[in-house]
$ cat my_file11.cif   # mmCIF, C-alpha atoms
data_input
loop_
_atom_site.group_PDB
_atom_site.id
_atom_site.type_symbol
_atom_site.label_atom_id
_atom_site.label_comp_id
_atom_site.auth_asym_id
_atom_site.auth_seq_id
_atom_site.Cartn_x
_atom_site.Cartn_y
_atom_site.Cartn_z
ATOM 1 C CA MET A 1 -10.285 9.452 28.421
ATOM 2 C CA THR A 2 -11.971 8.865 25.062
ATOM 3 C CA LEU A 3 -11.312 10.479 21.697
ATOM 4 C CA LEU A 4 -14.228 12.856 22.250
ATOM 5 C CA ASP A 5 -12.386 14.325 25.252
ATOM 6 C CA TYR A 6 -9.568 15.611 23.017
ATOM 7 C CA LYS A 7 -9.563 18.925 21.183
ATOM 8 C CA VAL A 8 -9.524 19.056 17.373
ATOM 9 C CA GLU A 9 -5.883 20.136 17.196
ATOM 10 C CA GLU A 10 -4.918 17.325 19.571
ATOM 11 C CA ILE A 11 -6.700 14.692 17.459
ATOM 12 C CA ALA A 12 -5.013 16.014 14.303
ATOM 13 C CA PHE A 13 -1.655 15.968 16.114
ATOM 14 C CA MET A 14 -2.174 12.347 17.191
ATOM 15 C CA PHE A 15 -3.243 11.325 13.683
ATOM 16 C CA MET A 16 -0.019 12.654 12.157
ATOM 17 C CA LEU A 17 2.024 11.191 14.997
ATOM 18 C CA PHE A 18 0.556 7.724 14.369
ATOM 19 C CA CYS A 19 1.319 8.110 10.634
ATOM 20 C CA ASN A 20 4.969 8.777 11.507
ATOM 21 C CA ILE A 21 5.177 5.914 14.011
ATOM 22 C CA GLY A 22 3.713 3.481 11.476
ATOM 23 C CA TRP A 23 6.249 4.560 8.848
ATOM 24 C CA ILE A 24 9.157 4.113 11.281
ATOM 25 C CA GLN A 25 7.955 0.639 12.259
ATOM 26 C CA GLU A 26 7.373 -0.670 8.734
ATOM 27 C CA SER A 27 10.470 0.918 7.214
ATOM 28 C CA ALA A 28 12.615 -0.535 9.999
ATOM 29 C CA ILE A 29 11.214 -4.054 9.454
ATOM 30 C CA GLU A 30 11.608 -3.907 5.661
ATOM 31 C CA SER A 31 15.105 -2.389 5.895
ATOM 32 C CA PHE A 32 16.170 -5.156 8.270
ATOM 33 C CA TYR A 33 14.714 -7.826 5.985
ATOM 34 C CA HIS A 34 16.451 -6.516 2.841
ATOM 35 C CA ARG A 35 19.576 -5.296 4.671
ATOM 36 C CA ARG A 36 19.325 -1.883 3.089
ATOM 37 C CA LEU A 37 17.253 1.233 3.647
ATOM 38 C CA ILE A 38 13.663 0.886 2.452
ATOM 39 C CA ASN A 39 11.196 3.779 2.393
ATOM 40 C CA ARG A 40 8.054 1.804 3.158
ATOM 41 C CA GLY A 41 4.657 2.839 1.904
ATOM 42 C CA PHE A 42 3.024 4.262 -1.186
ATOM 43 C CA LEU A 43 4.063 7.846 -0.449
ATOM 44 C CA LYS A 44 7.624 9.196 -0.430
ATOM 45 C CA GLY A 45 7.476 11.041 2.884
ATOM 46 C CA PRO A 46 7.883 9.618 6.437
ATOM 47 C CA TYR A 47 4.235 8.741 6.973
ATOM 48 C CA ILE A 48 1.745 5.949 6.284
ATOM 49 C CA PRO A 49 -1.836 7.284 6.498
ATOM 50 C CA ILE A 50 -3.483 3.954 7.357
ATOM 51 C CA TYR A 51 -1.682 4.009 10.716
ATOM 52 C CA GLY A 52 -3.109 7.447 11.407
ATOM 53 C CA PHE A 53 -6.614 6.180 10.730
ATOM 54 C CA GLY A 54 -5.964 2.941 12.605
ATOM 55 C CA GLY A 55 -4.513 4.614 15.698
ATOM 56 C CA THR A 56 -7.276 7.200 15.858
ATOM 57 C CA PHE A 57 -9.852 4.469 15.307
ATOM 58 C CA LEU A 58 -8.440 2.419 18.192
ATOM 59 C CA LEU A 59 -8.609 5.371 20.558
ATOM 60 C CA PHE A 60 -12.180 6.084 19.554
ATOM 61 C CA CYS A 61 -13.462 2.494 19.755
ATOM 62 C CA CYS A 62 -11.304 0.848 22.409
ATOM 63 C CA THR A 63 -10.814 3.399 25.203
ATOM 64 C CA PRO A 64 -14.479 3.200 26.336
ATOM 65 C CA PHE A 65 -13.723 -0.462 27.244
ATOM 66 C CA ARG A 66 -10.461 0.313 29.051
ATOM 67 C CA ASN A 67 -11.664 -1.550 32.151
ATOM 68 C CA ASN A 68 -12.044 -4.814 30.187
ATOM 69 C CA GLY A 69 -8.900 -5.931 28.374
ATOM 70 C CA PHE A 70 -10.630 -8.803 26.596
ATOM 71 C CA VAL A 71 -13.221 -6.487 25.031
ATOM 72 C CA VAL A 72 -10.453 -4.067 24.011
ATOM 73 C CA TYR A 73 -8.652 -6.944 22.281
ATOM 74 C CA ILE A 74 -11.776 -8.141 20.403
ATOM 75 C CA VAL A 75 -12.835 -4.637 19.334
ATOM 76 C CA ALA A 76 -9.318 -3.848 18.059
ATOM 77 C CA LEU A 77 -9.074 -7.201 16.263
ATOM 78 C CA LEU A 78 -12.403 -6.846 14.455
ATOM 79 C CA GLY A 79 -12.234 -3.116 13.795
ATOM 80 C CA CYS A 80 -8.711 -3.014 12.394
ATOM 81 C CA THR A 81 -9.302 -6.140 10.306
ATOM 82 C CA VAL A 82 -12.304 -4.506 8.636
ATOM 83 C CA LEU A 83 -10.327 -1.280 8.164
ATOM 84 C CA GLU A 84 -7.356 -3.160 6.683
ATOM 85 C CA TYR A 85 -9.544 -5.083 4.247
ATOM 86 C CA PHE A 86 -11.412 -2.068 2.865
ATOM 87 C CA VAL A 87 -8.302 0.113 2.664
ATOM 88 C CA GLY A 88 -6.578 -2.708 0.764
ATOM 89 C CA TRP A 89 -9.552 -3.049 -1.563
ATOM 90 C CA PHE A 90 -9.633 0.710 -2.157
ATOM 91 C CA MET A 91 -5.905 0.921 -2.936
ATOM 92 C CA GLU A 92 -6.120 -2.034 -5.337
ATOM 93 C CA THR A 93 -9.174 -0.557 -7.059
ATOM 94 C CA VAL A 94 -7.669 2.909 -7.462
ATOM 95 C CA PHE A 95 -3.988 2.100 -8.086
ATOM 96 C CA HIS A 96 -4.327 -1.483 -9.455
ATOM 97 C CA LYS A 97 -1.680 -2.728 -7.053
ATOM 98 C CA GLN A 98 -1.682 -4.833 -3.878
ATOM 99 C CA PHE A 99 0.250 -2.916 -1.228
ATOM 100 C CA TRP A 100 0.410 -5.773 1.254
ATOM 101 C CA ASP A 101 0.059 -9.481 0.709
ATOM 102 C CA TYR A 102 -0.594 -12.292 3.215
ATOM 103 C CA SER A 103 -0.373 -15.077 0.639
ATOM 104 C CA MET A 104 2.487 -16.739 2.545
ATOM 105 C CA MET A 105 0.245 -17.161 5.618
ATOM 106 C CA ASN A 106 -2.570 -19.575 6.417
ATOM 107 C CA PHE A 107 -6.176 -18.506 6.985
ATOM 108 C CA THR A 108 -6.286 -15.458 4.729
ATOM 109 C CA TYR A 109 -9.026 -13.792 2.709
ATOM 110 C CA LYS A 110 -8.038 -12.465 -0.707
ATOM 111 C CA ASN A 111 -4.552 -11.982 0.770
ATOM 112 C CA ARG A 112 -5.692 -8.644 2.215
ATOM 113 C CA ILE A 113 -6.326 -9.889 5.736
ATOM 114 C CA SER A 114 -5.167 -12.913 7.717
ATOM 115 C CA LEU A 115 -5.770 -14.530 11.091
ATOM 116 C CA VAL A 116 -2.231 -13.739 12.261
ATOM 117 C CA SER A 117 -2.436 -10.072 11.292
ATOM 118 C CA SER A 118 -5.854 -9.766 12.930
ATOM 119 C CA MET A 119 -4.503 -11.211 16.174
ATOM 120 C CA PHE A 120 -1.636 -8.732 15.925
ATOM 121 C CA TRP A 121 -4.124 -5.850 15.616
ATOM 122 C CA GLY A 122 -5.780 -7.051 18.813
ATOM 123 C CA ILE A 123 -2.437 -6.917 20.612
ATOM 124 C CA MET A 124 -1.797 -3.465 19.139
ATOM 125 C CA GLY A 125 -5.146 -2.361 20.555
ATOM 126 C CA LEU A 126 -4.036 -3.418 24.033
ATOM 127 C CA PHE A 127 -0.707 -1.646 23.553
ATOM 128 C CA MET A 128 -2.462 1.479 22.306
ATOM 129 C CA VAL A 129 -4.951 1.681 25.188
ATOM 130 C CA TYR A 130 -2.729 0.668 28.097
ATOM 131 C CA VAL A 131 0.698 1.981 27.030
ATOM 132 C CA LEU A 132 0.792 4.365 24.078
ATOM 133 C CA GLN A 133 -2.228 6.437 25.064
ATOM 134 C CA ASP A 134 -0.603 7.464 28.334
ATOM 135 C CA ALA A 135 2.596 8.433 26.488
ATOM 136 C CA VAL A 136 0.608 10.429 23.922
ATOM 137 C CA ASN A 137 -1.369 12.173 26.672
ATOM 138 C CA TRP A 138 1.910 13.159 28.332
ATOM 139 C CA LEU A 139 3.255 14.449 25.010
ATOM 140 C CA ILE A 140 0.098 16.500 24.395
ATOM 141 C CA GLY A 141 0.466 18.031 27.844
ATOM 142 C CA VAL A 142 4.088 19.015 27.143
ATOM 143 C CA VAL A 143 3.928 20.219 23.517
ATOM 144 C CA PRO A 144 2.519 23.770 23.092
ATOM 145 C CA VAL A 145 -0.657 24.104 21.045
ATOM 146 C CA THR A 146 1.102 26.356 18.522
ATOM 147 C CA VAL A 147 3.723 23.674 17.872
ATOM 148 C CA MET A 148 0.970 21.066 17.393
ATOM 149 C CA ILE A 149 -0.827 23.239 14.843
ATOM 150 C CA VAL A 150 2.349 24.047 12.909
ATOM 151 C CA TYR A 151 3.482 20.394 12.897
ATOM 152 C CA THR A 152 0.052 19.139 11.825
ATOM 153 C CA SER A 153 -0.319 21.789 9.103
ATOM 154 C CA VAL A 154 3.125 21.138 7.618
ATOM 155 C CA MET A 155 2.577 17.375 7.654
ATOM 156 C CA ALA A 156 -0.897 17.709 6.110
ATOM 157 C CA VAL A 157 0.328 19.908 3.248
ATOM 158 C CA ALA A 158 3.300 17.590 2.654
ATOM 159 C CA MET A 159 1.100 14.478 2.677
ATOM 160 C CA ILE A 160 -1.522 15.897 0.289
ATOM 161 C CA THR A 161 1.149 17.185 -2.106
ATOM 162 C CA ASP A 162 2.993 13.864 -1.872
ATOM 163 C CA CYS A 163 -0.204 11.945 -2.652
ATOM 164 C CA ILE A 164 -0.931 14.036 -5.764
ATOM 165 C CA ILE A 165 2.633 13.786 -7.114
ATOM 166 C CA THR A 166 2.982 10.077 -6.321
ATOM 167 C CA SER A 167 -0.352 9.243 -7.947
ATOM 168 C CA ALA A 168 0.699 11.062 -11.120
ATOM 169 C CA LYS A 169 4.065 9.263 -11.158
ATOM 170 C CA GLN A 170 2.306 5.953 -10.601
ATOM 171 C CA ALA A 171 0.219 6.471 -13.718
ATOM 172 C CA GLN A 172 3.357 7.386 -15.696
ATOM 173 C CA PHE A 173 5.140 4.300 -14.336
ATOM 174 C CA PHE A 174 2.582 1.853 -15.724
ATOM 175 C CA LYS A 175 2.565 3.717 -19.026
ATOM 176 C CA LYS A 176 6.366 3.472 -19.184
ATOM 177 C CA ILE A 177 6.331 -0.263 -18.364
ATOM 178 C CA LYS A 178 4.189 -1.018 -21.417
ATOM 179 C CA GLU A 179 6.719 0.700 -23.670
ATOM 180 C CA LEU A 180 9.816 -1.132 -22.340
ATOM 181 C CA PRO A 181 11.296 -4.438 -23.556
ATOM 182 C CA TYR A 182 10.435 -7.485 -21.453
ATOM 183 C CA ASP A 183 13.760 -7.785 -19.558
ATOM 184 C CA LYS A 184 13.930 -4.113 -18.610
ATOM 185 C CA ALA A 185 10.282 -4.056 -17.583
ATOM 186 C CA LYS A 186 10.786 -7.155 -15.437
ATOM 187 C CA LYS A 187 13.776 -5.619 -13.633
ATOM 188 C CA LEU A 188 12.060 -2.272 -13.084
ATOM 189 C CA VAL A 189 8.794 -3.710 -11.741
ATOM 190 C CA THR A 190 10.633 -6.155 -9.452
ATOM 191 C CA GLU A 191 12.586 -3.290 -7.910
ATOM 192 C CA LYS A 192 9.393 -1.265 -7.578
ATOM 193 C CA PHE A 193 7.596 -4.067 -5.736
ATOM 194 C CA ILE A 194 10.543 -4.582 -3.374
ATOM 195 C CA MET A 195 10.491 -0.885 -2.507
ATOM 196 C CA MET A 196 6.790 -1.251 -1.744
ATOM 197 C CA GLY A 197 7.710 -3.902 0.821
ATOM 198 C CA GLY A 198 9.188 -7.204 -0.155
ATOM 199 C CA ALA A 199 8.976 -9.319 2.981
ATOM 200 C CA VAL A 200 6.478 -11.475 1.135
ATOM 201 C CA MET A 201 7.483 -14.754 -0.477
ATOM 202 C CA ARG A 202 5.006 -14.717 -3.368
ATOM 203 C CA ARG A 203 5.342 -11.036 -4.229
ATOM 204 C CA ARG A 204 8.001 -11.798 -6.852
ATOM 205 C CA GLU A 205 5.656 -14.325 -8.488
ATOM 206 C CA LYS A 206 3.002 -11.632 -8.780
ATOM 207 C CA VAL A 207 5.558 -9.345 -10.399
ATOM 208 C CA TYR A 208 6.436 -11.960 -13.025
ATOM 209 C CA GLU A 209 2.773 -12.696 -13.610
ATOM 210 C CA PHE A 210 2.160 -9.001 -14.238
ATOM 211 C CA ILE A 211 5.141 -8.765 -16.613
ATOM 212 C CA ASN A 212 4.075 -11.897 -18.479
ATOM 213 C CA LYS A 213 0.683 -10.347 -19.083
ATOM 214 C CA LEU A 214 2.377 -7.318 -20.601
ATOM 215 C CA ARG A 215 4.610 -9.562 -22.672
ATOM 216 C CA ASN A 216 1.682 -11.645 -23.936
ATOM 217 C CA LYS A 217 -0.069 -8.431 -24.893
ATOM 218 C CA GLU A 218 3.014 -7.341 -26.849
ATOM 219 C CA ILE A 219 3.137 -10.734 -28.599
ATOM 220 C CA GLU A 220 -0.531 -10.457 -29.536
ATOM 221 C CA LEU A 221 0.043 -6.970 -30.967
ATOM 222 C CA PHE A 222 3.094 -8.229 -32.882
ATOM 223 C CA GLU A 223 1.123 -11.145 -34.315
ATOM 224 C CA GLU A 224 -1.675 -8.789 -35.326
ATOM 225 C CA GLU A 225 0.852 -6.541 -37.097
ATOM 226 C CA GLU A 226 2.364 -9.546 -38.880
ATOM 227 C CA SER A 227 -1.093 -10.693 -39.918
ATOM 228 C CA ASP A 228 -1.867 -7.240 -41.275
ATOM 229 C CA ILE A 229 1.439 -7.172 -43.199
ATOM 230 C CA ARG A 230 0.748 -10.629 -44.701
ATOM 231 C CA SER A 231 -2.749 -9.507 -45.661
ATOM 232 C CA ILE A 232 -1.413 -6.361 -47.330
ATOM 233 C CA SER A 233 1.251 -8.402 -49.167
ATOM 234 C CA LYS A 234 -1.391 -10.807 -50.472
ATOM 235 C CA ASP A 235 -3.559 -7.929 -51.625
ATOM 236 C CA ASN A 236 -0.603 -6.325 -53.405
ATOM 237 C CA ALA A 237 0.332 -9.633 -55.035
ATOM 238 C CA LYS A 238 -3.274 -10.090 -56.191
ATOM 239 C CA ASP A 239 -3.381 -6.574 -57.597
ATOM 240 C CA GLU A 240 -0.153 -7.181 -59.521
ATOM 241 C CA SER A 241 -1.547 -10.473 -60.861
ATOM 242 C CA ASP A 242 -4.763 -8.802 -61.964
ATOM 243 C CA TYR A 243 -2.761 -6.032 -63.592
ATOM 244 C CA LYS A 244 -0.697 -8.547 -65.602
#

$ encode --input "my_file11.cif" --output "structure tokens"
Amino acid sequence: MTLLDYKVEEIAFMFMLFCNIGWIQESAIESFYHRRLINRGFLKGPYIPIYGFGGTFLLFCCTPFRNNGFVVYIVALLGCTVLEYFVGWFMETVFHKQFWDYSMMNFTYKNRISLVSSMFWGIMGLFMVYVLQDAVNWLIGVVPVTVMIVYTSVMAVAMITDCIITSAKQAQFFKKIKELPYDKAKKLVTEKFIMMGGAVMRRREKVYEFINKLRNKEIELFEEEESDIRSISKDNAKDESDYK
């Protein structure tokens, strides 16, 4: 059964379901790592859209090769790696922030993708095709269509609203950071990066690098102001001398 065999409402239902499953998985891992509850992801709600796209993508691309596990693995590995890279690039371009970082691993490219994560996506493809798809098909057969539509509609409205509000707050956050003293800005950004997912060894270094850039900018502005004040003082002193 390929993705084309599903109805539109069923595909939308699966997309939202995969978003929820991805959020549960990542939040559980991050919460265990930090030993406190972490709401993983860019958005505030219980969903991570990339998992919706990734899960739907796997069903579309991998199920036609269900009879060949090796091909399923390769297709999932390559497809999800490409998806992960371009989603990472898009998020960094739009929001100026790296939402995941493989800098602590070997064989990475721009810290957006890595050999280990790609191999993991291949395994996830096998799990999706041979395990999860059957469970999802059973769930679709049990859940009434009306419930699917209501669930999907509520989740879609919540996700779109969440994205708009979070994007606006993100812009305000960076504006606020530039106005804070160095120590407060450092503490606030560190906490923000941990909430984004801190199971990365070099993430804290990136935070400090970002803060140092802000600090250097403040120092440059301060030096410019001092230079302007000295220049004005010299001009005033010259005017007084000329007057005498």

$ atom_distance --input "my_file11.cif" --atom1 "CA of Arg36 in chain A" --atom2 "CA of Gln98 in chain A"
22.3 Å

$ axis_aligned_box --input "my_file11.cif" --around "range 18-37 of chain A" --padding-each-side "4 Å" --output "lines of an AutoDock Vina configuration file"
center_x = 10.1
center_y = 0.5
center_z = 8.6
size_x = 27.0
size_y = 24.6
size_z = 19.5

$ closest_residue --input "my_file11.cif" --among "A:Ile50, A:Val82, A:Val72, A:Val131" --to "Leu17 in chain A" --atoms "only C-alpha atoms"
A:Ile50

$ residues_near_point --input "my_file11.cif" --point "(-8.3, 6.1, 19.7)" --cutoff "9 Å" --atoms "all atoms listed in the file" --output "ChimeraX atom specification"
/A:2-3,54-63,128-129,133

$ atom_distance --input "my_file11.cif" --atom1 "CA of Gly79 in chain A" --atom2 "CA of Gly45 in chain A"
26.6 Å

$ closest_residue --input "my_file11.cif" --among "A:Tyr51, A:Asn137, A:Ile165, A:Tyr151" --to "Lys7 in chain A" --atoms "only C-alpha atoms"
A:Asn137

$ closest_residue --input "my_file11.cif" --among "A:Leu4, A:Arg35, A:Glu92, A:Phe13" --to "Val147 in chain A" --atoms "all atoms listed in the file"
A:Phe13

$ atom_distance --input "my_file11.cif" --atom1 "CA of Phe42 in chain A" --atom2 "CA of Met119 in chain A"
24.4 Å

$ closest_residue --input "my_file11.cif" --among "A:Met159, A:Ala28, A:Ile74, A:Met16" --to "Leu126 in chain A" --atoms "all atoms listed in the file"
A:Ile74

$ closest_residue --input "my_file11.cif" --among "A:Leu78, A:Val143, A:Ile11, A:Met148" --to "Gly52 in chain A" --atoms "all atoms listed in the file"
A:Ile11

$ resolve_selection --input "my_file11.cif" --expression "the PyMOL selection byres ((chain A and resi 22) around 8)" --output "tab-separated table (two decimals) with C-alpha atoms, keeping the file's coordinate frame"
chain	number	residue	atom	x	y	z
A	18	PHE	CA	0.56	7.72	14.37
A	19	CYS	CA	1.32	8.11	10.63
A	20	ASN	CA	4.97	8.78	11.51
A	21	ILE	CA	5.18	5.91	14.01
A	23	TRP	CA	6.25	4.56	8.85
A	24	ILE	CA	9.16	4.11	11.28
A	25	GLN	CA	7.96	0.64	12.26
A	26	GLU	CA	7.37	-0.67	8.73
A	47	TYR	CA	4.24	8.74	6.97
A	48	ILE	CA	1.74	5.95	6.28
A	51	TYR	CA	-1.68	4.01	10.72
A	52	GLY	CA	-3.11	7.45	11.41

$ residues_near_point --input "my_file11.cif" --point "(2.0, 3.3, -1.1)" --cutoff "7 Å" --atoms "only C-alpha atoms" --output "list in words"
Gly41, Phe42, Leu43, Phe99 and Met196 of chain A
